[in-house]
Amino acid sequence: MKRTLKALVFACGAVASAFGIAAGTTPAQAQGKTITLCWAAWDPANALVELSKDFTAKTGIGMKFEFVPWTNYADRFLNELNSRGSLCDLIIGDSQWIGGAAENGQYVKLNDFFKKEGISMDDYMPATVVGYSEWPKNTPNYWALPAMGDAVGWTYRKDWFARPDVQKDFKAKYGRDLAVPKTLDELRDIAQFFQGREIDGKKVYGASIYTERGSEGITMGVSNYLYDYGFKYDDPKKPYAMDGFVNSPVAVKGLEAYKDLYKCCTPPGASNSYMSEGLDAFKSGQVALQMNFFAFFPGLYKDPNVGGDRIGFFVNPAGPAGQATQLGGQGISVVSYSKNQDEALQYIKWFSGADVQKKWWALGGYSCAKSVLNDPSFPNSAPFAKEFLQSMGMVMDFWAEPSYAQLLQAEQKRVHDYVVADKGTAKEALDGLVKDWKAIFKEEGKKF
Amino acid sequence: MNDLSASSRINYQAVMVRPSVERRIRGLSDKALAWLFITPTIVLLLAINIFPLLWTIYLSFTNYRANRPNAPTIWLGTDWYQSILTDPDIWAAMQVTAHFVIWTVVIETVLGFGLAFLIDKKFRGHGIWTTIILLPMMLSPAVVGNFWTFLYQPQIGLFNYVVAFFTSGDASSFQMLGDVRLSPWAIVIVDAWMWTPYVMLICLAGLRSIPDYIYEAAEVDRASKWRQFWSITLPMALPFIMLAVLFRGIENFKMFDMVNLLTGGGPGSTTEVASITLKRAAFESWRTGYSSAFAIILFVTVFGLANIYVKALNKVKSR
């Protein structure tokens, strides 16, 4: 009897394990498994929580989320990756992390997986593939799936712009109609026009722009001016040769223009503003214009006080050298220290589905998939969809080198010193930046 | 019956074990017994204090980066030390730190001693006042940093409003945190607000330790209150005041959290104290070797200054 029982138990075990292997990642087997996705704490993250319920329903894999506020996002998750932590199975990491994460073996390379699952990078907007997935840039080495397209854009108070008294005053002062600015000069005029103006008995200000010192704020802001004025990170023909590009006369002018906008047209106390401060300033009716990432625009449009008909959106205006904007957004990667890589990859496969991408956009996330963005109905699918599409066609990004954090810190210091703390001239700031960046690249063993 | 016998067996075993342990301990010398008690503490100290310190010293001579553990570690000798000590940005950070330490210590000592002197006088409700005064130091620096950021807000901040009220100016005409001239003082004000009660508490202990009979003798000698203060109160409370200065000096030399929350080192680098520079190098740039060297320099500076100060303190005490 005992022997029969033993045999039965053994047989059951064998059958169970055989089924386990064969079933692989079927819902039945995956039930009880939970994976953790790490990202920033902001509106799109809430949309992703909602979206991911479908994944759990489909696969039986539970989802846990670790969301950290933007100001601590890089600190928290880079610490996690650098300490080889296994908290995150999936991470939606910033675009600039890709170089370091790839070279330090923190992300799983996805080429084979994409090939096996039939996921093609041709199905995504080229700028997002280069920005969020590739390292080295412009080579077919993929470390992430483009997940959240984003760029810097602008919002304005449509209701204030439409007021006859405001229109009349503006025309009298500038000799043209008050309308969405096409150039950075026009933007400055509008910001100056509103600065200190009384609207409905309340003093309002021109623009909320990025000036934050601690993480990446002022760099993400000033870049929109620098790019439009002709700033380049290096010689397109000679990588890492920065003299005459970073500190070119046009780049100096761009930096001066950003400082001018900060000095003339921002609310008092805006010396350390980033995304949330910009949102606060706009939502509380303090400013006419706001620089911010598109990711916040769905939330702003729904805002009961400043949303709906009261808000308008526009792309970063053109400067003397052209029109570009700072890339935001992130790709989704599998962390190489994760113990649940199979489930994490399953999530990526599911997330890449056309119907999921469509729903992602509908919920408030920004899909990078061409199937969504090239759909004829897309430009009219949201009041900011057309501007988003336009912005994604003209994005530029900061260095994505493994030493990006050091490069970023140097720019934060040099630019903040000049723009906010009035230290030195724009030329000195950019010359200093070239010196800092050269030292960093030299330490990295780069030749230039 | 069975249960009973089991319990008696346990008791019996316990009785059997106790004398043997006692005998073993009794056999130890006093010295061995002392070692037995302090060994866990020493091991803990070595593991969490001494080993990291030695490891940091080692790393400070290398190019090690914590985010690139697979990269070869190269011995650089004193390169980092030379580069730090000749870096104008580091000296700027040290100047900012010195400004912060000196002014906070001066203000906190003067105000703290003054408050202690007042609180020491028995008056109605002095217990409640003591508690109220002590409240700021009981708050977390994170909370203090955040709410002072609101107080300093030019448009809605209470601080600006109060200043504007007394100066008849415009509340939004000045920025405590965004102005290069004002921001170094903004952080001094917040630290003084938070830590003056701490200095007061130490000074109060000093004042309460002065025996009454000394004052009574001075009264008999018809010494004025002013004379009593200079000849009795201040000299006798001086060791306590110096102790408070030492504590606050060391603490503010390492100041990070509050300044980071209030200004993040800005505007520009105006309030970038040494610890913020260190944190950026260590955990944002991941220059572990470089930041280890900087940490050692800071450690030696604080340790050296504190030692000189303690010697002075001992002299005052022995007077």
# chains A, B, ... in the order shown; residues from 1 in each chain; ligands from 1
call {"tool": "residues_around", "arguments": {"residues": "stretch 204-210 of chain B", "least_positions_apart": "4", "cutoff": "9 Å", "atoms": "only C-alpha atoms", "output": "ChimeraX atom specification"}}
result
/B:112-113,115-117,119-120,199-200,214-215,232-234,236-241
call {"tool": "write_last_selection", "arguments": {"atoms": "C-alpha atoms", "output": "PDB file, in the first residue's frame"}}
result
ATOM      1  CA  GLY B 112      20.488  79.948  22.853  1.00  0.00           C
ATOM      2  CA  PHE B 113      22.367  81.317  25.846  1.00  0.00           C
ATOM      3  CA  LEU B 115      16.987  82.128  26.028  1.00  0.00           C
ATOM      4  CA  ALA B 116      18.520  79.811  28.610  1.00  0.00           C
ATOM      5  CA  PHE B 117      19.307  82.799  30.800  1.00  0.00           C
ATOM      6  CA  ILE B 119      14.194  80.535  31.072  1.00  0.00           C
ATOM      7  CA  ASP B 120      16.475  79.946  34.051  1.00  0.00           C
ATOM      8  CA  VAL B 199      21.935  75.171  22.431  1.00  0.00           C
ATOM      9  CA  MET B 200      19.517  76.666  24.930  1.00  0.00           C
ATOM     10  CA  ILE B 214      27.947  81.377  45.003  1.00  0.00           C
ATOM     11  CA  TYR B 215      25.382  83.994  44.054  1.00  0.00           C
ATOM     12  CA  ILE B 232      30.067  83.834  37.966  1.00  0.00           C
ATOM     13  CA  THR B 233      27.432  82.942  35.383  1.00  0.00           C
ATOM     14  CA  LEU B 234      29.440  83.178  32.200  1.00  0.00           C
ATOM     15  CA  MET B 236      30.796  78.676  35.054  1.00  0.00           C
ATOM     16  CA  ALA B 237      28.518  78.095  32.094  1.00  0.00           C
ATOM     17  CA  LEU B 238      31.360  78.459  29.592  1.00  0.00           C
ATOM     18  CA  PRO B 239      32.261  74.738  29.368  1.00  0.00           C
ATOM     19  CA  PHE B 240      28.628  74.008  28.528  1.00  0.00           C
ATOM     20  CA  ILE B 241      28.489  76.786  25.949  1.00  0.00           C
TER      21      ILE B 241
END
call {"tool": "residues_around", "arguments": {"residues": "A:Asn272", "least_positions_apart": "4", "cutoff": "7 Å", "atoms": "only C-alpha atoms", "output": "mmCIF file with N, CA and C atoms, in the first residue's frame"}}
result
data_model
loop_
_atom_site.group_PDB
_atom_site.id
_atom_site.type_symbol
_atom_site.label_atom_id
_atom_site.label_comp_id
_atom_site.auth_asym_id
_atom_site.auth_seq_id
_atom_site.Cartn_x
_atom_site.Cartn_y
_atom_site.Cartn_z
ATOM 1 N N THR A 211 13.802 75.823 -14.176
ATOM 2 C CA THR A 211 15.002 76.448 -13.595
ATOM 3 C C THR A 211 15.596 75.582 -12.489
ATOM 4 N N GLU A 212 15.090 74.388 -12.329
ATOM 5 C CA GLU A 212 15.487 73.564 -11.177
ATOM 6 C C GLU A 212 16.979 73.233 -11.201
ATOM 7 N N ARG A 213 17.600 73.255 -10.026
ATOM 8 C CA ARG A 213 19.047 73.072 -9.920
ATOM 9 C C ARG A 213 19.456 71.634 -9.603
#
call {"tool": "interface_residues", "arguments": {"of": "chain A", "to": "chain B", "cutoff": "8 Å", "atoms": "only C-alpha atoms", "output": "list in words"}}
result
Asp75, Asn79, Asn82, Ser83, Asn104, Arg213, Gly214, Pro268, Gly269, Ala270, Ser271, Asn272, Ser403, Ala405, Gln406, Gln409, Lys413, Arg414, Val415, His416, Asp417, Tyr418, Val420, Ala421 and Lys423 of chain A
call {"tool": "write_last_selection", "arguments": {"atoms": "N, CA and C atoms", "output": "PDB file, in the first residue's frame"}}
result
ATOM      1  N   ASP A  75      17.928  59.292  -8.751  1.00  0.00           N
ATOM      2  CA  ASP A  75      18.704  58.874  -7.565  1.00  0.00           C
ATOM      3  C   ASP A  75      18.302  57.475  -7.113  1.00  0.00           C
ATOM      4  N   ASN A  79      20.489  54.133  -8.111  1.00  0.00           N
ATOM      5  CA  ASN A  79      21.047  53.454  -6.929  1.00  0.00           C
ATOM      6  C   ASN A  79      20.680  51.978  -6.941  1.00  0.00           C
ATOM      7  N   ASN A  82      22.620  50.274  -9.737  1.00  0.00           N
ATOM      8  CA  ASN A  82      24.054  50.206  -9.444  1.00  0.00           C
ATOM      9  C   ASN A  82      24.369  49.253  -8.300  1.00  0.00           C
ATOM     10  N   SER A  83      23.403  49.072  -7.406  1.00  0.00           N
ATOM     11  CA  SER A  83      23.643  48.145  -6.310  1.00  0.00           C
ATOM     12  C   SER A  83      23.144  46.736  -6.677  1.00  0.00           C
ATOM     13  N   ASN A 104      26.931  48.749 -18.425  1.00  0.00           N
ATOM     14  CA  ASN A 104      27.179  48.151 -17.119  1.00  0.00           C
ATOM     15  C   ASN A 104      26.376  46.867 -16.905  1.00  0.00           C
ATOM     16  N   ARG A 213      17.600  73.255 -10.026  1.00  0.00           N
ATOM     17  CA  ARG A 213      19.047  73.072  -9.920  1.00  0.00           C
ATOM     18  C   ARG A 213      19.456  71.634  -9.603  1.00  0.00           C
ATOM     19  N   GLY A 214      18.677  70.965  -8.714  1.00  0.00           N
ATOM     20  CA  GLY A 214      19.134  69.710  -8.124  1.00  0.00           C
ATOM     21  C   GLY A 214      19.248  68.527  -9.060  1.00  0.00           C
ATOM     22  N   PRO A 268       7.726  85.559  -9.289  1.00  0.00           N
ATOM     23  CA  PRO A 268       8.721  85.652  -8.219  1.00  0.00           C
ATOM     24  C   PRO A 268       8.898  84.292  -7.555  1.00  0.00           C
ATOM     25  N   GLY A 269      10.121  83.971  -7.219  1.00  0.00           N
ATOM     26  CA  GLY A 269      10.380  82.706  -6.519  1.00  0.00           C
ATOM     27  C   GLY A 269      10.485  81.512  -7.439  1.00  0.00           C
ATOM     28  N   ALA A 270      10.623  81.767  -8.749  1.00  0.00           N
ATOM     29  CA  ALA A 270      10.680  80.637  -9.691  1.00  0.00           C
ATOM     30  C   ALA A 270      12.123  80.248  -9.993  1.00  0.00           C
ATOM     31  N   SER A 271      12.962  80.299  -8.996  1.00  0.00           N
ATOM     32  CA  SER A 271      14.389  80.046  -9.219  1.00  0.00           C
ATOM     33  C   SER A 271      14.743  78.566  -9.154  1.00  0.00           C
ATOM     34  N   ASN A 272      13.764  77.731  -8.807  1.00  0.00           N
ATOM     35  CA  ASN A 272      14.057  76.296  -8.664  1.00  0.00           C
ATOM     36  C   ASN A 272      12.831  75.492  -9.120  1.00  0.00           C
ATOM     37  N   SER A 403      28.440  58.206 -18.856  1.00  0.00           N
ATOM     38  CA  SER A 403      28.772  59.251 -17.872  1.00  0.00           C
ATOM     39  C   SER A 403      27.749  60.382 -17.908  1.00  0.00           C
ATOM     40  N   ALA A 405      25.286  61.281 -16.162  1.00  0.00           N
ATOM     41  CA  ALA A 405      24.939  61.978 -14.923  1.00  0.00           C
ATOM     42  C   ALA A 405      25.959  63.075 -14.615  1.00  0.00           C
ATOM     43  N   GLN A 406      27.220  62.768 -14.865  1.00  0.00           N
ATOM     44  CA  GLN A 406      28.266  63.753 -14.633  1.00  0.00           C
ATOM     45  C   GLN A 406      28.142  64.913 -15.614  1.00  0.00           C
ATOM     46  N   GLN A 409      25.235  67.033 -14.547  1.00  0.00           N
ATOM     47  CA  GLN A 409      25.553  67.861 -13.372  1.00  0.00           C
ATOM     48  C   GLN A 409      26.352  69.084 -13.751  1.00  0.00           C
ATOM     49  N   LYS A 413      25.063  72.970 -13.217  1.00  0.00           N
ATOM     50  CA  LYS A 413      25.824  73.948 -12.431  1.00  0.00           C
ATOM     51  C   LYS A 413      26.149  75.190 -13.268  1.00  0.00           C
ATOM     52  N   ARG A 414      26.710  74.958 -14.454  1.00  0.00           N
ATOM     53  CA  ARG A 414      27.143  76.092 -15.281  1.00  0.00           C
ATOM     54  C   ARG A 414      25.956  76.968 -15.671  1.00  0.00           C
ATOM     55  N   VAL A 415      24.867  76.321 -16.101  1.00  0.00           N
ATOM     56  CA  VAL A 415      23.715  77.085 -16.582  1.00  0.00           C
ATOM     57  C   VAL A 415      23.002  77.787 -15.424  1.00  0.00           C
ATOM     58  N   HIS A 416      22.841  77.074 -14.315  1.00  0.00           N
ATOM     59  CA  HIS A 416      22.152  77.699 -13.175  1.00  0.00           C
ATOM     60  C   HIS A 416      22.968  78.857 -12.628  1.00  0.00           C
ATOM     61  N   ASP A 417      24.280  78.660 -12.579  1.00  0.00           N
ATOM     62  CA  ASP A 417      25.158  79.744 -12.120  1.00  0.00           C
ATOM     63  C   ASP A 417      24.956  81.001 -12.961  1.00  0.00           C
ATOM     64  N   TYR A 418      24.839  80.803 -14.270  1.00  0.00           N
ATOM     65  CA  TYR A 418      24.699  81.970 -15.146  1.00  0.00           C
ATOM     66  C   TYR A 418      23.264  82.518 -15.135  1.00  0.00           C
ATOM     67  N   VAL A 420      20.416  81.858 -13.176  1.00  0.00           N
ATOM     68  CA  VAL A 420      19.722  82.220 -11.933  1.00  0.00           C
ATOM     69  C   VAL A 420      20.625  83.010 -10.988  1.00  0.00           C
ATOM     70  N   ALA A 421      21.892  82.573 -10.872  1.00  0.00           N
ATOM     71  CA  ALA A 421      22.767  83.215  -9.874  1.00  0.00           C
ATOM     72  C   ALA A 421      23.586  84.367 -10.442  1.00  0.00           C
ATOM     73  N   LYS A 423      26.086  84.605 -12.313  1.00  0.00           N
ATOM     74  CA  LYS A 423      27.546  84.466 -12.223  1.00  0.00           C
ATOM     75  C   LYS A 423      28.148  84.457 -13.626  1.00  0.00           C
TER      76      LYS A 423
END
call {"tool": "residues_around", "arguments": {"residues": "B:Ile74", "least_positions_apart": "2", "cutoff": "12 Å", "atoms": "only C-alpha atoms", "output": "number ranges by chain"}}
result
B: 58-65, 71-72, 76-77, 79, 289
call {"tool": "atom_distance", "arguments": {"atom1": "atom CA of A:Glu411", "atom2": "atom CA of A:Val287"}}
result
26.7 Å
call {"tool": "closest_residue", "arguments": {"among": "A:Leu289, A:Leu145, A:Leu90, A:Val250", "to": "A:Tyr205", "atoms": "only C-alpha atoms"}}
result
A:Leu289
call {"tool": "atom_distance", "arguments": {"atom1": "atom CA of B:Val245", "atom2": "atom CA of B:Ala98"}}
result
14.1 Å
call {"tool": "residues_around", "arguments": {"residues": "A:Pro320", "least_positions_apart": "3", "cutoff": "10 Å", "atoms": "only C-alpha atoms", "output": "JSON, numbers by chain"}}
result
{"A": [183, 184, 185, 225, 227, 228, 229, 230, 250, 253, 254, 323]}
call {"tool": "write_last_selection", "arguments": {"atoms": "C-alpha atoms", "output": "tab-separated table (two decimals), in the first residue's frame"}}
result
chain	number	residue	atom	x	y	z
A	183	THR	CA	9.09	82.10	-32.67
A	184	LEU	CA	10.94	82.39	-29.38
A	185	ASP	CA	10.95	86.17	-29.79
A	225	TYR	CA	16.40	77.51	-26.50
A	227	TYR	CA	18.76	73.85	-29.94
A	228	ASP	CA	16.71	76.54	-31.67
A	229	TYR	CA	19.65	78.91	-31.65
A	230	GLY	CA	22.03	76.38	-33.22
A	250	VAL	CA	24.77	81.14	-31.55
A	253	LYS	CA	22.90	83.88	-27.80
A	254	GLY	CA	20.50	81.04	-26.99
A	323	GLN	CA	12.99	74.47	-34.51
call {"tool": "atom_distance", "arguments": {"atom1": "atom CA of A:Gly331", "atom2": "atom CA of A:Lys302"}}
result
26.0 Å
call {"tool": "select_by_dssp", "arguments": {"residues": "stretch 72-289 of chain B", "states": "alpha helix (DSSP H)", "output": "MDAnalysis selection string"}}
result
chainID B and resid 79:85 88:120 126:138 141:151 158:167 183:208 212:220 225:228 234:253 257:262 274:279 288:289
call {"tool": "closest_residue", "arguments": {"among": "A:Tyr240, A:Phe55, A:Phe194, A:Tyr73", "to": "A:Lys446", "atoms": "only C-alpha atoms"}}
result
A:Tyr240
call {"tool": "closest_residue", "arguments": {"among": "B:Phe123, B:Trp103, B:Tyr198, B:Phe294", "to": "B:Trp80", "atoms": "only C-alpha atoms"}}
result
B:Phe294
call {"tool": "select_by_dssp", "arguments": {"residues": "stretch 34-170 of chain A", "states": "strand (DSSP E)", "output": "ChimeraX atom specification"}}
result
/A:34-40,62-68,90-94,145-148,152-157
call {"tool": "write_last_selection", "arguments": {"atoms": "C-alpha atoms", "output": "mmCIF file, in the first residue's frame"}}
result
data_model
loop_
_atom_site.group_PDB
_atom_site.id
_atom_site.type_symbol
_atom_site.label_atom_id
_atom_site.label_comp_id
_atom_site.auth_asym_id
_atom_site.auth_seq_id
_atom_site.Cartn_x
_atom_site.Cartn_y
_atom_site.Cartn_z
ATOM 1 C CA THR A 34 4.034 38.982 -9.367
ATOM 2 C CA ILE A 35 6.427 41.303 -11.131
ATOM 3 C CA THR A 36 7.414 44.817 -10.139
ATOM 4 C CA LEU A 37 7.507 47.712 -12.539
ATOM 5 C CA CYS A 38 9.498 50.805 -11.558
ATOM 6 C CA TRP A 39 8.771 54.253 -12.883
ATOM 7 C CA ALA A 40 8.214 57.852 -11.907
ATOM 8 C CA GLY A 62 0.272 40.075 -10.818
ATOM 9 C CA MET A 63 1.720 43.566 -11.170
ATOM 10 C CA LYS A 64 3.334 45.603 -8.433
ATOM 11 C CA PHE A 65 4.407 49.179 -9.019
ATOM 12 C CA GLU A 66 7.202 51.206 -7.516
ATOM 13 C CA PHE A 67 6.681 54.841 -8.405
ATOM 14 C CA VAL A 68 9.070 57.528 -7.190
ATOM 15 C CA LEU A 90 10.800 46.009 -15.347
ATOM 16 C CA ILE A 91 11.989 49.571 -15.358
ATOM 17 C CA ILE A 92 10.844 52.520 -17.376
ATOM 18 C CA GLY A 93 14.159 54.299 -17.223
ATOM 19 C CA ASP A 94 15.027 57.730 -18.509
ATOM 20 C CA LEU A 145 10.948 48.975 -26.017
ATOM 21 C CA PRO A 146 9.809 52.570 -26.628
ATOM 22 C CA ALA A 147 7.125 52.958 -23.999
ATOM 23 C CA MET A 148 6.290 56.545 -23.274
ATOM 24 C CA VAL A 152 8.818 69.479 -24.010
ATOM 25 C CA GLY A 153 5.871 71.557 -25.185
ATOM 26 C CA TRP A 154 3.993 74.628 -24.026
ATOM 27 C CA THR A 155 0.560 75.390 -22.666
ATOM 28 C CA TYR A 156 -1.136 78.783 -22.686
ATOM 29 C CA ARG A 157 -4.250 80.382 -21.248
#
call {"tool": "residues_around", "arguments": {"residues": "B:Met258", "least_positions_apart": "5", "cutoff": "8 Å", "atoms": "only C-alpha atoms", "output": "CSV table (one decimal) with N, CA and C atoms, in the first residue's frame"}}
result
chain,number,residue,atom,x,y,z
B,141,PRO,N,14.2,67.4,10.0
B,141,PRO,CA,14.8,68.4,9.0
B,141,PRO,C,14.0,68.4,7.7
B,142,ALA,N,13.5,67.2,7.3
B,142,ALA,CA,12.7,67.2,6.0
B,142,ALA,C,11.5,68.0,6.1
B,144,VAL,N,11.0,70.5,8.3
B,144,VAL,CA,11.4,71.9,8.4
B,144,VAL,C,11.8,72.5,7.1
B,145,GLY,N,12.6,71.7,6.3
B,145,GLY,CA,12.9,72.2,5.0
B,145,GLY,C,11.7,72.5,4.1
call {"tool": "closest_residue", "arguments": {"among": "A:Leu430, A:Asp436, A:Ser336, A:Ile209", "to": "B:Asp89", "atoms": "only C-alpha atoms"}}
result
A:Asp436
